[in-house]
Each structure stands twice: as structure tokens, then as C-alpha cells.
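Q: Hey, dropping final-v5.cif in here, mmCIF, C-alpha atoms:
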```
data_query
#
loop_
_atom_site.label_atom_id
_atom_site.label_comp_id
_atom_site.auth_asym_id
_atom_site.auth_seq_id
_atom_site.Cartn_x
_atom_site.Cartn_y
_atom_site.Cartn_z
CA MET X 1 81.49 236.05 75.69
CA THR X 2 78.88 236.03 78.36
CA ALA X 3 79.31 234.28 81.65
CA THR X 4 75.78 233.01 81.54
CA GLY X 5 75.41 231.00 78.39
CA GLU X 6 73.60 232.90 75.72
CA LEU X 7 73.23 232.25 72.02
CA ALA X 8 72.02 234.79 69.50
CA ALA X 9 71.07 234.30 65.88
CA SER X 10 69.26 236.28 63.26
CA VAL X 11 68.02 235.91 59.72
CA HIS X 12 66.41 238.13 57.13
CA ILE X 13 63.30 236.67 55.58
CA ASP X 14 61.77 237.89 52.38
CA ALA X 15 58.26 238.16 53.78
CA PRO X 16 56.56 240.61 56.12
CA PRO X 17 56.28 239.96 59.89
CA GLU X 18 52.58 239.14 59.49
CA THR X 19 53.63 236.17 57.40
CA VAL X 20 56.55 235.09 59.55
CA PHE X 21 54.96 235.38 62.98
CA PRO X 22 52.61 232.38 62.75
CA TYR X 23 55.62 230.14 62.21
CA PHE X 24 56.30 230.63 65.93
CA THR X 25 52.75 230.09 67.10
CA ASP X 26 51.06 227.66 64.71
CA ALA X 27 52.04 224.02 65.20
CA GLU X 28 51.63 223.11 61.54
CA LEU X 29 53.88 225.95 60.49
CA MET X 30 56.35 225.37 63.33
CA VAL X 31 57.15 221.86 62.15
CA ARG X 32 57.98 223.25 58.71
CA TRP X 33 61.26 224.39 60.27
CA LEU X 34 61.61 222.97 63.78
CA GLY X 35 60.83 219.47 64.93
CA THR X 36 58.38 216.93 63.61
CA THR X 37 55.51 217.30 66.06
CA ALA X 38 54.47 220.43 67.86
CA THR X 39 51.81 221.34 70.37
CA LEU X 40 51.51 225.06 70.78
CA ASP X 41 49.17 227.20 72.82
CA PRO X 42 50.43 230.70 72.07
CA VAL X 43 49.16 232.58 75.09
CA PRO X 44 51.21 233.55 78.14
CA GLY X 45 51.55 230.38 80.18
CA GLY X 46 50.42 228.25 77.25
CA VAL X 47 52.29 225.12 76.29
CA PHE X 48 55.24 225.11 73.93
CA ALA X 49 56.15 221.55 72.98
CA VAL X 50 58.23 220.40 70.02
CA ASP X 51 59.34 216.83 69.42
CA VAL X 52 61.94 215.25 67.23
CA GLY X 53 62.16 211.55 67.73
CA ASP X 54 63.07 210.97 71.32
CA SER X 55 64.20 214.54 71.85
CA ALA X 56 61.69 216.92 73.28
CA ALA X 57 61.73 220.63 73.83
CA ARG X 58 59.20 221.65 76.43
CA GLY X 59 58.30 225.01 77.80
CA THR X 60 55.63 227.64 78.00
CA TYR X 61 54.99 230.84 76.20
CA VAL X 62 56.01 233.78 78.32
CA SER X 63 54.70 236.52 76.08
CA VAL X 64 53.10 236.66 72.67
CA ASP X 65 52.99 240.03 70.98
CA PRO X 66 51.57 239.33 67.51
CA VAL X 67 53.90 240.04 64.65
CA ARG X 68 56.43 241.73 66.91
CA SER X 69 57.82 239.30 69.43
CA VAL X 70 57.35 235.98 71.10
CA VAL X 71 59.10 234.63 74.17
CA PHE X 72 58.99 231.04 75.34
CA THR X 73 60.87 228.87 77.79
CA TRP X 74 62.78 225.83 76.61
CA GLY X 75 63.74 222.71 78.47
CA MET X 76 64.43 219.03 77.97
CA PRO X 77 62.35 217.10 80.47
CA GLY X 78 63.40 213.78 78.96
CA SER X 79 66.94 214.41 80.10
CA GLY X 80 65.84 214.95 83.66
CA THR X 81 68.53 217.59 83.97
CA LEU X 82 67.16 220.63 82.24
CA PRO X 83 63.72 221.35 83.61
CA PRO X 84 61.13 223.02 81.41
CA GLY X 85 61.50 226.71 81.99
CA GLY X 86 65.22 226.38 82.48
CA THR X 87 66.15 228.53 79.52
CA THR X 88 64.35 231.24 77.61
CA VAL X 89 64.10 231.93 73.89
CA GLU X 90 63.28 235.46 72.88
CA VAL X 91 62.28 236.13 69.28
CA THR X 92 61.87 239.61 67.81
CA LEU X 93 60.51 240.38 64.36
CA THR X 94 61.53 243.70 62.84
CA PRO X 95 60.18 244.88 59.49
CA VAL X 96 63.06 245.65 57.16
CA ASP X 97 62.78 246.50 53.47
CA GLY X 98 59.49 244.73 52.97
CA GLY X 99 60.89 241.68 54.71
CA THR X 100 61.52 240.68 58.28
CA LEU X 101 64.62 240.57 60.41
CA VAL X 102 64.17 237.72 62.86
CA THR X 103 66.39 238.02 65.91
CA LEU X 104 66.54 235.16 68.38
CA ILE X 105 68.31 235.08 71.73
CA HIS X 106 68.48 231.91 73.78
CA ARG X 107 69.29 232.80 77.38
CA GLY X 108 70.19 230.74 80.41
CA LEU X 109 72.32 228.15 78.65
CA PRO X 110 75.15 226.59 80.63
CA PRO X 111 78.37 228.57 80.53
CA GLU X 112 80.90 227.46 77.98
CA HIS X 113 83.70 226.56 80.35
CA HIS X 114 82.53 224.99 83.55
CA PRO X 115 83.92 221.49 83.63
CA SER X 116 83.93 221.58 87.39
CA HIS X 117 80.29 222.46 87.65
CA GLU X 118 78.45 219.19 87.82
CA GLU X 119 74.95 220.32 86.99
CA GLY X 120 76.23 222.59 84.25
CA TRP X 121 77.92 219.67 82.58
CA ARG X 122 74.95 217.38 82.85
CA THR X 123 72.74 220.06 81.41
CA PHE X 124 75.22 220.80 78.70
CA LEU X 125 75.62 217.18 77.69
CA SER X 126 71.87 216.68 77.60
CA LYS X 127 71.43 219.81 75.59
CA LEU X 128 74.08 218.81 73.10
CA THR X 129 72.36 215.55 72.51
CA SER X 130 68.98 217.11 72.03
CA ALA X 131 70.40 219.80 69.78
CA ALA X 132 72.04 217.12 67.69
CA ALA X 133 68.81 215.28 67.17
CA ILE X 134 66.89 218.39 66.29
CA THR X 135 69.56 219.95 64.13
CA SER X 136 70.16 216.84 62.10
CA GLY X 137 66.44 216.72 61.40
CA LYS X 138 66.73 213.02 60.85
CA PRO X 139 63.45 211.27 61.46
CA ALA X 140 63.51 208.37 63.82
CA ALA X 141 64.00 205.09 62.04
CA THR X 142 60.76 204.28 60.31
CA ASN X 143 61.03 200.74 61.37
CA PRO X 144 57.58 199.53 62.41
CA GLY X 145 58.89 196.23 63.69
CA MET Z 1 100.77 215.50 80.80
CA PRO Z 2 101.83 212.98 78.14
CA GLU Z 3 99.25 212.31 75.51
CA PRO Z 4 98.11 208.70 75.47
CA ALA Z 5 99.18 207.09 72.24
CA GLU Z 6 96.53 207.18 69.58
CA LYS Z 7 95.82 203.59 68.82
CA ALA Z 8 92.64 203.79 66.84
CA ALA Z 9 93.63 201.29 64.22
CA SER Z 10 91.15 201.54 61.40
CA ASP Z 11 89.99 205.04 62.13
CA THR Z 12 90.86 207.74 59.66
CA THR Z 13 90.48 210.59 62.13
CA PRO Z 14 93.95 211.12 63.50
CA GLU Z 15 93.13 214.47 65.07
CA ALA Z 16 89.83 215.48 66.61
CA PRO Z 17 86.90 213.13 66.22
CA SER Z 18 84.05 214.66 64.28
CA ALA Z 19 81.16 216.37 66.00
CA ASP Z 20 79.06 213.59 64.54
CA ALA Z 21 81.02 210.95 66.43
CA VAL Z 22 80.70 212.99 69.59
CA PHE Z 23 76.95 213.33 69.17
CA LYS Z 24 76.53 209.65 68.47
CA ALA Z 25 78.48 208.90 71.60
CA LEU Z 26 76.36 211.35 73.58
CA ALA Z 27 73.09 210.06 72.21
CA ASP Z 28 72.82 207.41 74.88
CA PRO Z 29 71.78 208.16 78.45
CA HIS Z 30 74.11 205.53 79.89
CA ARG Z 31 77.08 207.02 78.13
CA ARG Z 32 76.17 210.51 79.31
CA GLN Z 33 75.96 209.11 82.80
CA ILE Z 34 79.39 207.54 82.42
CA LEU Z 35 80.83 210.89 81.37
CA HIS Z 36 79.17 212.41 84.36
CA LEU Z 37 80.89 209.89 86.62
CA VAL Z 38 84.35 210.50 85.22
CA GLN Z 39 84.20 214.22 84.67
CA LEU Z 40 86.20 215.12 87.76
CA SER Z 41 88.36 212.10 88.45
CA ALA Z 42 89.52 209.00 86.65
CA LEU Z 43 87.78 205.76 87.54
CA PRO Z 44 88.48 202.12 86.74
CA ALA Z 45 86.01 200.35 84.48
CA GLY Z 46 84.86 198.13 87.31
CA GLN Z 47 83.92 201.05 89.48
CA ILE Z 48 82.02 202.63 86.59
CA ALA Z 49 80.21 199.37 85.89
CA ALA Z 50 79.21 199.12 89.54
CA GLN Z 51 77.01 202.18 89.05
CA PHE Z 52 74.86 200.46 86.45
CA GLU Z 53 72.67 197.43 86.20
CA MET Z 54 74.28 196.57 82.88
CA THR Z 55 76.85 193.85 82.58
CA GLN Z 56 80.47 194.90 82.73
CA GLN Z 57 80.72 193.86 79.11
CA ALA Z 58 77.99 196.30 78.13
CA VAL Z 59 79.76 199.04 80.06
CA SER Z 60 82.99 198.18 78.27
CA LEU Z 61 81.24 198.66 74.93
CA HIS Z 62 79.99 202.06 76.03
CA LEU Z 63 83.49 202.98 77.17
CA ALA Z 64 84.83 201.96 73.79
CA VAL Z 65 82.36 204.21 71.98
CA LEU Z 66 83.21 207.13 74.23
CA LYS Z 67 86.91 206.51 73.78
CA LYS Z 68 86.59 206.36 70.02
CA ALA Z 69 84.74 209.65 70.05
CA GLY Z 70 87.63 211.12 72.00
CA LEU Z 71 85.43 211.82 75.01
CA LEU Z 72 87.45 209.62 77.35
CA THR Z 73 91.12 209.45 78.14
CA GLU Z 74 92.41 206.11 79.24
CA PHE Z 75 95.15 205.89 81.85
CA ARG Z 76 96.96 202.86 83.09
CA ASP Z 77 97.63 202.37 86.77
CA GLY Z 78 99.40 199.09 87.21
CA THR Z 79 97.03 196.52 85.83
CA ARG Z 80 94.03 198.81 86.05
CA ARG Z 81 92.72 201.02 83.31
CA LEU Z 82 91.27 204.31 84.42
CA TYR Z 83 88.96 206.48 82.41
CA GLN Z 84 88.41 210.21 82.58
CA LEU Z 85 86.41 212.77 80.63
CA ARG Z 86 88.34 214.64 77.96
CA PRO Z 87 86.42 217.92 77.93
CA GLU Z 88 88.23 219.35 74.90
CA ALA Z 89 86.53 216.67 72.81
CA LEU Z 90 83.29 218.57 73.32
CA ARG Z 91 84.56 221.57 71.38
CA PRO Z 92 83.31 220.47 67.96
CA ALA Z 93 80.01 219.55 69.54
CA ARG Z 94 79.79 222.92 71.21
CA ALA Z 95 80.36 224.48 67.82
CA VAL Z 96 77.39 222.55 66.49
CA LEU Z 97 75.27 223.68 69.40
CA ASP Z 98 76.23 227.22 68.48
CA GLU Z 99 74.87 226.49 65.02
CA PHE Z 100 71.56 225.16 66.26
CA TRP Z 101 69.51 228.34 66.03
CA PRO Z 102 71.23 229.72 62.93
CA ASP Z 103 70.43 226.43 61.21
CA ALA Z 104 66.86 226.48 62.49
CA LEU Z 105 66.37 230.06 61.34
CA ALA Z 106 67.79 229.19 57.94
CA ARG Z 107 65.12 226.50 57.67
CA LEU Z 108 62.52 229.00 58.83
CA LYS Z 109 63.57 231.38 56.07
CA GLN Z 110 63.36 228.63 53.52
CA ALA Z 111 59.94 227.50 54.75
CA VAL Z 112 58.44 230.98 54.77
CA GLU Z 113 59.83 231.92 51.39
CA THR Z 114 58.73 228.62 49.89
CA ASP Z 115 55.23 228.96 51.32
CA HIS Z 116 54.99 232.61 50.31
CA PRO Z 117 56.93 233.02 47.09
CA THR Z 118 55.51 236.49 46.51
CA GLY Z 119 56.58 237.65 49.94
CA GLY Z 120 59.51 239.47 48.45
CA ASP Z 121 57.34 241.66 46.29
CA PRO Z 122 56.82 244.67 48.52
CA ARG Z 123 54.04 246.98 47.57
CA PRO Z 124 55.32 250.44 46.68
#
```
Can you dump the structure from the file as C-alpha cells?

A:
Amino acid sequence: MTATGELAASVHIDAPPETVFPYFTDAELMVRWLGTTATLDPVPGGVFAVDVGDSAARGTYVSVDPVRSVVFTWGMPGSGTLPPGGTTVEVTLTPVDGGTLVTLIHRGLPPEHHPSHEEGWRTFLSKLTSAAAITSGKPAATNPG
Amino acid sequence: MPEPAEKAASDTTPEAPSADAVFKALADPHRRQILHLVQLSALPAGQIAAQFEMTQQAVSLHLAVLKKAGLLTEFRDGTRRLYQLRPEALRPARAVLDEFWPDALARLKQAVETDHPTGGDPRP
């Protein structure tokens, strides 16, 4: 367990890195798996913005190394507690057996046990809420009225 | 510390509230702010309400939602009721947060393999 919050995840995809990579840089492909609206400018310093309902992930691309890795920052400006750039997501694509091993590390998350740390809690609570909205993938009520 | 008696009448969750209930409770900025206020020390409802422009009744409703989700402990001090954050209630929610990227990557896998059904046919 790390003192500085860090989450890691990986998946093996049955397609080569050339196929997988655009799903991290092309807005249309991004929303196939994350969020409902995305604005992406995949150059260092370019915008990374993904929306789900009233939850928003905002950041900038830190580095874009086609078909090998992509790094972007991740924040929740709507919460007012986790500024864009507050945490970093690092994605690495490794060719394996004709497919791709996608490894993702999200760094800079609040530590797991810091109930006494005010800002950590606020950040954590905000993050939980945003994660819930994004994970559930539920569209906002399609109630035009 | 004695556990406050569980008095959720119609609720069928005698143990930990579900992560879903926690998320629903957290999905409101006022309620997150309330948790923020009571994370270190217990406060009476009136003192919590004083921090908001809402009516005390609206604050009471928020407190009820938080209590039902297990996020607040209620103490009694004479005639006053005090509320304090119950951090252990965040555990199931933390577990869901831990699942955020694995879930997202699972959807990525599904999307890529649906869009490129021949992707798994490596050339010799």
C-alpha cells in the first residue's frame, strides 16, 4: 500500500497497440469506453476533457508517444477541490501475443487513511462522487422538461 | 464506544449500507459539505444548518440521507442531537473507486474488440 494514493489496473486486449492507442486520443473512440462527451487534443499540454452528466474530468496531456504510452493529468474542477492537474494517469501499451497489454497507473490520489487531513477528505469525497457517476455510466436523466 | 442502536425501520440493510447508498448520499454538494463540517467533531443540527442558506428542514433531510447511508453517527447530548462523520462507511465506496479503472479498461477491451473483431487474428 502506497502512502501517496495510487491505483493501478491492466487489461489484455485482443488487438494490436496501433488499434488500441487511438482510444486514448480520439474523442469519438474515447467515449466508447469512458464518458459521454470528450474533447481531446493529444499533444503535450493539449486539453483532456471527459464529461459524464455533471461529472467532469479535466486535465492536459503530458506526453503522447503513439502506440506506446500516453500520460494525462486528471482533475475535477466542478468539485472545486481537486484542481485539474492534481493527479496523473499514465497509460502504457505493450504488445503481447498479437494483442496489447494496457497498463494504467493513476498517481496522486488521496491516501486511503487520512480522516484527519481536511483537504484529503474533501478531495476524496469529490473523487468518489465523480467516480460513481462515471463508473455507473448512467446517462443523465433524459428529461427535457 | 457504544454503537448507536440501529433504528432504520424499513431498511433491509442491517449491516453496512451499500456502496450505492453511499454514492447517492455523496452525490450532492451540500451533503459533501456537511460531511466536511462533521468530519473531525460532532455538531448539532442547528450549527450545521447555520452554515447553509437552506432551511433547517432541508438540512434535516440531508442529514437523514447521510444517516441512512451510514455516513453519519448520531449522538445525543441532553436534548441536542449531534452528528459526526462515520469514516468506516466509506469503505465500500472506496472499494468501488478501486474498481473505477479496472471497470473502465474492461469497457475499453470490449469496445476495441467489438470495433475490431479480427484484431485477435495475428498474422503469422

Q: Using only C-alpha atoms, can you tell me which of Z:Ala104, Z:Ala21, Z:Leu71, Z:Arg31 comes closest to Ala58 (chain Z)?

A: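 Between Z:Ala104, Z:Ala21, Z:Leu71, Z:Arg31, the residue approaching Ala58 (chain Z) most closely is Z:Arg31.
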
Q: Written as a list in words, what is the full residue list that the PyMOL selection byres ((chain Z and resi 48) around 10) yields on the file shown?

A: Gln33, Ile34, Leu35, Leu37, Val38, Ala42, Leu43, Pro44, Ala45, Gly46, Gln47, Ala49, Ala50, Gln51, Phe52, Gln56, Val59, Ser60, Leu63, Leu82 and Tyr83 of chain Z

Q: Which residue out of Z:Thr114, Z:Arg107, Z:Lys68, Z:Asp77 has the minimum interatomic distance to chain X when all atoms listed in the file are used?

A: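 Among Z:Thr114, Z:Arg107, Z:Lys68, Z:Asp77, it is Z:Arg107 that comes nearest to chain X.
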
Q: Using CA of Val47 (chain X) and CA of Ile13 (chain X) as the two end points, give the distance in Å to one decimal.

A: 26.1 Å

Q: Quick one: apply the PyMOL selection byres ((chain X and resi 7) around 9) to the file and drop the selected residues here as a list in words.

A: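 Against this file, the PyMOL selection byres ((chain X and resi 7) around 9) returns the residues Gly5, Glu6, Ala8, Ala9, Leu104, Ile105, His106, Arg107 and Leu109 of chain X; Asp98 and Trp101 of chain Z.
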
Q: Using the chain letters and numbers from the file, give me the residues hit by the PyMOL selection byres ((chain X and resi 30-34) around 9), as a ChimeraX atom specification.

A: /X:22-29,35-38,40,50-52,134-135,137 /Z:104-112

Q: One decimal, in Å: what's the spacing between CA of Val62 (chain X) and CA of Phe21 (chain X)?

A: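 Interatomic distance here is 15.5 Å.
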
Q: Give me, please, the distance in Å between CA of Glu18 (chain X) and CA of Phe72 (chain X), quoted to one decimal.

A: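 Taking CA of Glu18 (chain X) as the start and CA of Phe72 (chain X) as the end point, the length is 18.9 Å.
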
Q: Could you check which of Z:Leu72, Z:Leu26, Z:Leu66, Z:Ala19 is closest to chain X, using all atoms listed in the file?

A: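 The closest residue to chain X is Z:Leu26.
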